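Structure data follow from input.pdb (PDB, C-alpha atoms):
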```pdb
ATOM      1  CA  MET A 924      74.047 109.030  96.855
ATOM      2  CA  ASN A 925      77.357 107.473  95.868
ATOM      3  CA  THR A 926      77.821 103.867  97.106
ATOM      4  CA  PRO A 927      80.900 102.115  95.686
ATOM      5  CA  THR A 928      80.308  98.415  95.143
ATOM      6  CA  ASN A 929      83.737  97.278  96.366
ATOM      7  CA  LEU A 930      83.054  98.399  99.956
ATOM      8  CA  LEU A 931      81.019  97.122 102.908
ATOM      9  CA  TYR A 932      79.028  99.448 105.152
ATOM     10  CA  ALA A 933      78.138  99.704 108.852
ATOM     11  CA  LYS A 934      74.775 100.910 110.167
ATOM     12  CA  THR A 935      76.674 103.795 111.754
ATOM     13  CA  HIS A 936      77.715 104.985 108.243
ATOM     14  CA  GLU A 937      81.347 103.926 108.141
ATOM     15  CA  TRP A 938      82.687 102.109 105.089
ATOM     16  CA  VAL A 939      85.154  99.231 105.161
ATOM     17  CA  GLU A 940      87.457  98.261 102.337
ATOM     18  CA  MET A 941      88.933  94.837 103.068
ATOM     19  CA  THR A 942      92.524  94.957 101.807
ATOM     20  CA  GLY A 943      93.403  91.459 103.029
ATOM     21  CA  ASP A 944      92.044  88.706 105.277
ATOM     22  CA  THR A 945      92.696  90.737 108.450
ATOM     23  CA  THR A 946      93.456  94.225 107.075
ATOM     24  CA  ALA A 947      91.179  97.071 105.992
ATOM     25  CA  ARG A 948      90.762 100.775 105.332
ATOM     26  CA  ILE A 949      87.932 102.631 107.076
ATOM     27  CA  GLY A 950      86.235 105.950 106.356
ATOM     28  CA  ILE A 951      82.796 107.556 106.469
ATOM     29  CA  SER A 952      80.152 107.238 103.792
ATOM     30  CA  ASP A 953      78.744 109.798 101.392
ATOM     31  CA  PHE A 954      75.497 109.685 103.415
ATOM     32  CA  ALA A 955      77.450 110.513 106.614
ATOM     33  CA  GLN A 956      79.442 113.407 105.161
ATOM     34  CA  HIS A 957      76.240 114.844 103.661
ATOM     35  CA  GLU A 958      74.403 114.611 107.005
ATOM     36  CA  LEU A 959      77.341 116.159 108.890
ATOM     37  CA  GLY A 960      77.807 119.118 106.559
ATOM     38  CA  ASP A 961      81.101 120.911 105.933
ATOM     39  CA  LEU A 962      83.836 119.213 107.949
ATOM     40  CA  VAL A 963      86.370 121.494 109.632
ATOM     41  CA  PHE A 964      88.313 119.179 112.000
ATOM     42  CA  VAL A 965      89.184 115.476 112.285
ATOM     43  CA  ASN A 966      90.736 113.750 115.300
ATOM     44  CA  LEU A 967      92.276 110.321 114.597
ATOM     45  CA  PRO A 968      93.987 107.692 116.758
ATOM     46  CA  ALA A 969      97.724 106.961 116.457
ATOM     47  CA  PRO A 970      99.274 103.976 114.679
ATOM     48  CA  GLY A 971      99.549 101.131 117.180
ATOM     49  CA  ASP A 972      96.320 102.115 118.973
ATOM     50  CA  SER A 973      93.574  99.515 119.299
ATOM     51  CA  VAL A 974      90.061 100.062 117.962
ATOM     52  CA  THR A 975      87.020  98.111 119.162
ATOM     53  CA  VAL A 976      83.755  97.285 117.420
ATOM     54  CA  GLY A 977      81.080  99.858 118.275
ATOM     55  CA  GLN A 978      83.473 102.221 120.103
ATOM     56  CA  ALA A 979      84.528 105.665 118.910
ATOM     57  CA  PHE A 980      87.950 105.704 117.251
ATOM     58  CA  ALA A 981      87.773 109.239 115.864
ATOM     59  CA  ASP A 982      85.665 112.337 115.907
ATOM     60  CA  VAL A 983      84.797 114.822 113.227
ATOM     61  CA  GLU A 984      83.726 118.403 113.685
ATOM     62  CA  SER A 985      81.482 120.080 111.171
ATOM     63  CA  VAL A 986      79.904 123.487 111.048
ATOM     64  CA  LYS A 987      76.896 121.801 112.706
ATOM     65  CA  ALA A 988      78.335 119.604 115.509
ATOM     66  CA  VAL A 989      81.024 117.222 116.729
ATOM     67  CA  SER A 990      80.300 113.556 115.967
ATOM     68  CA  ASP A 991      82.009 110.322 116.941
ATOM     69  CA  VAL A 992      83.126 107.882 114.263
ATOM     70  CA  LEU A 993      82.536 104.321 115.474
ATOM     71  CA  SER A 994      84.779 101.422 114.613
ATOM     72  CA  PRO A 995      83.170  98.642 112.581
ATOM     73  CA  VAL A 996      86.045  96.311 113.572
ATOM     74  CA  THR A 997      88.256  95.284 116.470
ATOM     75  CA  ALA A 998      91.833  95.664 115.274
ATOM     76  CA  THR A 999      95.106  97.589 115.563
ATOM     77  CA  VAL A1000      95.627 100.876 113.712
ATOM     78  CA  SER A1001      98.463 100.400 111.219
ATOM     79  CA  ALA A1002      98.264 103.818 109.500
ATOM     80  CA  ILE A1003      96.330 107.074 109.576
ATOM     81  CA  ASN A1004      95.533 109.416 106.718
ATOM     82  CA  GLU A1005      97.294 112.683 107.594
ATOM     83  CA  GLU A1006      95.625 114.346 104.606
ATOM     84  CA  VAL A1007      92.170 114.271 106.253
ATOM     85  CA  ILE A1008      93.644 115.867 109.396
ATOM     86  CA  ASN A1009      95.296 118.666 107.402
ATOM     87  CA  SER A1010      92.390 119.164 104.951
ATOM     88  CA  PRO A1011      89.136 117.791 106.432
ATOM     89  CA  GLU A1012      87.108 119.305 103.574
ATOM     90  CA  ILE A1013      88.412 116.552 101.263
ATOM     91  CA  ILE A1014      86.097 114.133 103.110
ATOM     92  CA  ASN A1015      83.131 116.145 101.823
ATOM     93  CA  GLU A1016      84.599 116.212  98.327
ATOM     94  CA  ASP A1017      85.578 112.515  98.135
ATOM     95  CA  PRO A1018      84.383 110.436 101.112
ATOM     96  CA  TYR A1019      85.555 107.155  99.579
ATOM     97  CA  GLY A1020      88.998 108.400  98.572
ATOM     98  CA  SER A1021      89.458 110.012 101.990
ATOM     99  CA  TRP A1022      90.038 107.053 104.281
ATOM    100  CA  PHE A1023      90.617 107.684 107.991
ATOM    101  CA  ILE A1024      92.610 104.683 109.207
ATOM    102  CA  GLU A1025      94.125 101.435 108.031
ATOM    103  CA  VAL A1026      93.874  98.524 110.443
ATOM    104  CA  GLU A1027      95.476  95.101 110.803
ATOM    105  CA  ASN A1028      94.889  91.978 112.875
ATOM    106  CA  ILE A1029      91.092  92.268 112.654
ATOM    107  CA  SER A1030      89.665  89.940 115.299
ATOM    108  CA  ASP A1031      86.000  90.983 115.210
ATOM    109  CA  LYS A1032      83.678  93.046 113.044
ATOM    110  CA  THR A1033      80.158  94.345 113.214
ATOM    111  CA  ALA A1034      77.503  93.102 110.817
ATOM    112  CA  LEU A1035      78.379  94.850 107.570
ATOM    113  CA  MET A1036      75.979  95.556 104.719
ATOM    114  CA  THR A1037      76.464  95.153 101.001
ATOM    115  CA  PRO A1038      76.174  98.338  98.908
ATOM    116  CA  ASP A1039      72.581  97.428  97.931
ATOM    117  CA  GLU A1040      71.600  96.769 101.553
ATOM    118  CA  TYR A1041      73.232 100.032 102.635
ATOM    119  CA  GLU A1042      71.435 102.076  99.967
ATOM    120  CA  GLU A1043      68.106 100.596 101.082
ATOM    121  CA  PHE A1044      69.005 101.335 104.733
ATOM    122  CA  CYS A1045      69.756 104.997 103.875
ATOM    123  CA  LYS A1046      66.568 105.347 101.798
ATOM    124  CA  ASN A1047      64.650 104.323 104.928
ATOM    125  CA  GLY A1048      66.230 107.122 106.974
ATOM    126  CA  GLY A1049      69.594 105.582 107.846
ATOM    127  CA  HIS A1050      68.748 104.751 111.473
TER     128      HIS A1050
END
```
Would you mind writing the file out in structure tokens?
Amino acid sequence: MNTPTNLLYAKTHEWVEMTGDTTARIGISDFAQHELGDLVFVNLPAPGDSVTVGQAFADVESVKAVSDVLSPVTATVSAINEEVINSPEIINEDPYGSWFIEVENISDKTALMTPDEYEEFCKNGGH
């Protein structure tokens, strides 16, 4: 499993890259893309939309099922990655280069794990 050390991780398998004090990029982890299987569709919010800790902000469709992607932060969407909408398979190929959204004005965040904590969490089943 690939777990970059510059990211933080949610128990729901999203990664967070803090790009400033109240800004971040968010995507799904290698563990998540592996569990989901081949991704064929991604639905993202629009810039200006609000996201809330623990609430779905996107959904991904794989050959297996449709799954919600939960927000690890409360914030405002400042940008979306059009590339993952047009070519969802890139998430499987490079989950950490294939961010979903950029957010700003983060006012709350879920408890996030360090890479070591996240690896241990996944080794124990990831639930």
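If you look at atom CA of A:Asn929 and atom CA of A:Phe954, they are 16.5 Å away from each other.
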Next on the checklist: Residues within 10 Å of stretch 1027-1038 of chain A, please, as an MDAnalysis selection string. Count only C-alpha atoms; anything in the same chain fewer than 3 positions from it doesn't count.
Outcome noted: chainID A and resid 925:934 937:939 942:948 971 973:977 994:1002 1041:1044
Next on the checklist: I'd like to see the residues matched by the PyMOL selection byres ((chain A and resi 1004) around 9) on this file, and ideally I'd get them as a ChimeraX atom specification.
Outcome noted: /A:967,1002-1003,1005-1008,1021-1025
Checklist entry - Hey, which of A:Asp953, A:Glu984, A:Asp972, A:Asp1039 ends up closest to A:Asn1015? Count all atoms listed in the file. => result A:Asp953
Item to check | For A:Ala988: contacts at 9 Å, all atoms listed in the file, fewer than 3 positions along chain excluded, given as a PyMOL selection string | outcome: chain A and resi 959-960+983-985
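Comparing A:Met924, A:Ile949, A:Val1026, A:Asp991 by their smallest distance to A:Phe964, the closest is A:Asp991 (using all atoms listed in the file).
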Item to check | From A:Leu993, A:Pro968, A:Asn1047, A:Gly1020, residue lying nearest A:Glu940 [all atoms listed in the file] | outcome: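 Among the listed residues, the smallest separation from A:Glu940 belongs to A:Gly1020.
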Checklist outcome for this item: Nearest to A:Leu962, restricted to all atoms listed in the file and choosing among A:Val986, A:Cys1045, A:Ala979, A:Val992, comes out as A:Val986
Checklist entry - Between A:Ile1014, A:Val963, A:Ile951, A:Met941, which is the closest to A:Lys987 once you count all atoms listed in the file? => result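 Smallest separation from A:Lys987 among the options: A:Val963.
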Please give the centre and size of the box around stretch 1034-1048 of chain A (axis-aligned, containing every atom listed in the file, 3 Å added per side), with values in Å to one decimal and written as JSON.
```
{"center_x": 71.5, "center_y": 100.1, "center_z": 104.4, "size_x": 19.7, "size_y": 20.0, "size_z": 18.9}
```
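Candidate residues A:Glu1040, A:Gln956, A:Thr935, A:Pro970 were compared for distance to A:Pro1018, and the nearest is A:Gln956, using all atoms listed in the file.
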Checklist entry - What does the distance between atom CA of A:Ala955 and atom CA of A:Gln978 come to in Å, to one decimal place? => result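 Result for atom CA of A:Ala955 versus atom CA of A:Gln978: 16.9 Å, one decimal.
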Checklist outcome for this item: A straight line from atom CA of A:Ser952 to atom CA of A:Ile1013 spans 12.7 Å
Because the input lacks atoms here, generate N, CA and C atoms for stretch 1028-1048 of chain A and report them as a PDB file, keeping the file's coordinate frame.
```
ATOM      1  N   ASN A1028      95.228  92.941 111.826  1.00  0.00           N
ATOM      2  CA  ASN A1028      94.889  91.978 112.875  1.00  0.00           C
ATOM      3  C   ASN A1028      93.431  92.093 113.310  1.00  0.00           C
ATOM      4  N   ILE A1029      92.519  92.184 112.343  1.00  0.00           N
ATOM      5  CA  ILE A1029      91.092  92.268 112.654  1.00  0.00           C
ATOM      6  C   ILE A1029      90.667  90.973 113.337  1.00  0.00           C
ATOM      7  N   SER A1030      90.097  91.122 114.549  1.00  0.00           N
ATOM      8  CA  SER A1030      89.665  89.940 115.299  1.00  0.00           C
ATOM      9  C   SER A1030      88.147  89.859 115.433  1.00  0.00           C
ATOM     10  N   ASP A1031      87.459  90.961 115.113  1.00  0.00           N
ATOM     11  CA  ASP A1031      86.000  90.983 115.210  1.00  0.00           C
ATOM     12  C   ASP A1031      85.501  92.095 114.299  1.00  0.00           C
ATOM     13  N   LYS A1032      84.285  91.951 113.797  1.00  0.00           N
ATOM     14  CA  LYS A1032      83.678  93.046 113.044  1.00  0.00           C
ATOM     15  C   LYS A1032      82.177  93.027 113.230  1.00  0.00           C
ATOM     16  N   THR A1033      81.595  94.197 113.100  1.00  0.00           N
ATOM     17  CA  THR A1033      80.158  94.345 113.214  1.00  0.00           C
ATOM     18  C   THR A1033      79.510  93.746 111.967  1.00  0.00           C
ATOM     19  N   ALA A1034      78.222  93.555 112.012  1.00  0.00           N
ATOM     20  CA  ALA A1034      77.503  93.102 110.817  1.00  0.00           C
ATOM     21  C   ALA A1034      77.617  94.205 109.771  1.00  0.00           C
ATOM     22  N   LEU A1035      78.192  93.872 108.635  1.00  0.00           N
ATOM     23  CA  LEU A1035      78.379  94.850 107.570  1.00  0.00           C
ATOM     24  C   LEU A1035      77.402  94.581 106.435  1.00  0.00           C
ATOM     25  N   MET A1036      76.959  95.656 105.797  1.00  0.00           N
ATOM     26  CA  MET A1036      75.979  95.556 104.719  1.00  0.00           C
ATOM     27  C   MET A1036      76.659  95.641 103.360  1.00  0.00           C
ATOM     28  N   THR A1037      76.034  95.000 102.383  1.00  0.00           N
ATOM     29  CA  THR A1037      76.464  95.153 101.001  1.00  0.00           C
ATOM     30  C   THR A1037      76.048  96.555 100.535  1.00  0.00           C
ATOM     31  N   PRO A1038      76.593  97.023  99.414  1.00  0.00           N
ATOM     32  CA  PRO A1038      76.174  98.338  98.908  1.00  0.00           C
ATOM     33  C   PRO A1038      74.657  98.437  98.699  1.00  0.00           C
ATOM     34  N   ASP A1039      74.034  97.396  98.151  1.00  0.00           N
ATOM     35  CA  ASP A1039      72.581  97.428  97.931  1.00  0.00           C
ATOM     36  C   ASP A1039      71.822  97.514  99.251  1.00  0.00           C
ATOM     37  N   GLU A1040      72.250  96.737 100.238  1.00  0.00           N
ATOM     38  CA  GLU A1040      71.600  96.769 101.553  1.00  0.00           C
ATOM     39  C   GLU A1040      71.768  98.143 102.195  1.00  0.00           C
ATOM     40  N   TYR A1041      72.963  98.725 102.036  1.00  0.00           N
ATOM     41  CA  TYR A1041      73.232 100.032 102.635  1.00  0.00           C
ATOM     42  C   TYR A1041      72.390 101.120 101.974  1.00  0.00           C
ATOM     43  N   GLU A1042      72.272 101.083 100.657  1.00  0.00           N
ATOM     44  CA  GLU A1042      71.435 102.076  99.967  1.00  0.00           C
ATOM     45  C   GLU A1042      69.995 102.001 100.449  1.00  0.00           C
ATOM     46  N   GLU A1043      69.486 100.787 100.598  1.00  0.00           N
ATOM     47  CA  GLU A1043      68.106 100.596 101.082  1.00  0.00           C
ATOM     48  C   GLU A1043      67.982 101.139 102.519  1.00  0.00           C
ATOM     49  N   PHE A1044      68.974 100.855 103.357  1.00  0.00           N
ATOM     50  CA  PHE A1044      69.005 101.335 104.733  1.00  0.00           C
ATOM     51  C   PHE A1044      68.949 102.864 104.760  1.00  0.00           C
ATOM     52  N   CYS A1045      69.721 103.525 103.922  1.00  0.00           N
ATOM     53  CA  CYS A1045      69.756 104.997 103.875  1.00  0.00           C
ATOM     54  C   CYS A1045      68.448 105.564 103.327  1.00  0.00           C
ATOM     55  N   LYS A1046      67.857 104.886 102.340  1.00  0.00           N
ATOM     56  CA  LYS A1046      66.568 105.347 101.798  1.00  0.00           C
ATOM     57  C   LYS A1046      65.481 105.332 102.866  1.00  0.00           C
ATOM     58  N   ASN A1047      65.632 104.435 103.837  1.00  0.00           N
ATOM     59  CA  ASN A1047      64.650 104.323 104.928  1.00  0.00           C
ATOM     60  C   ASN A1047      65.042 105.189 106.128  1.00  0.00           C
ATOM     61  N   GLY A1048      65.886 106.174 105.920  1.00  0.00           N
ATOM     62  CA  GLY A1048      66.230 107.122 106.974  1.00  0.00           C
ATOM     63  C   GLY A1048      67.617 106.942 107.561  1.00  0.00           C
TER      64      GLY A1048
END
```
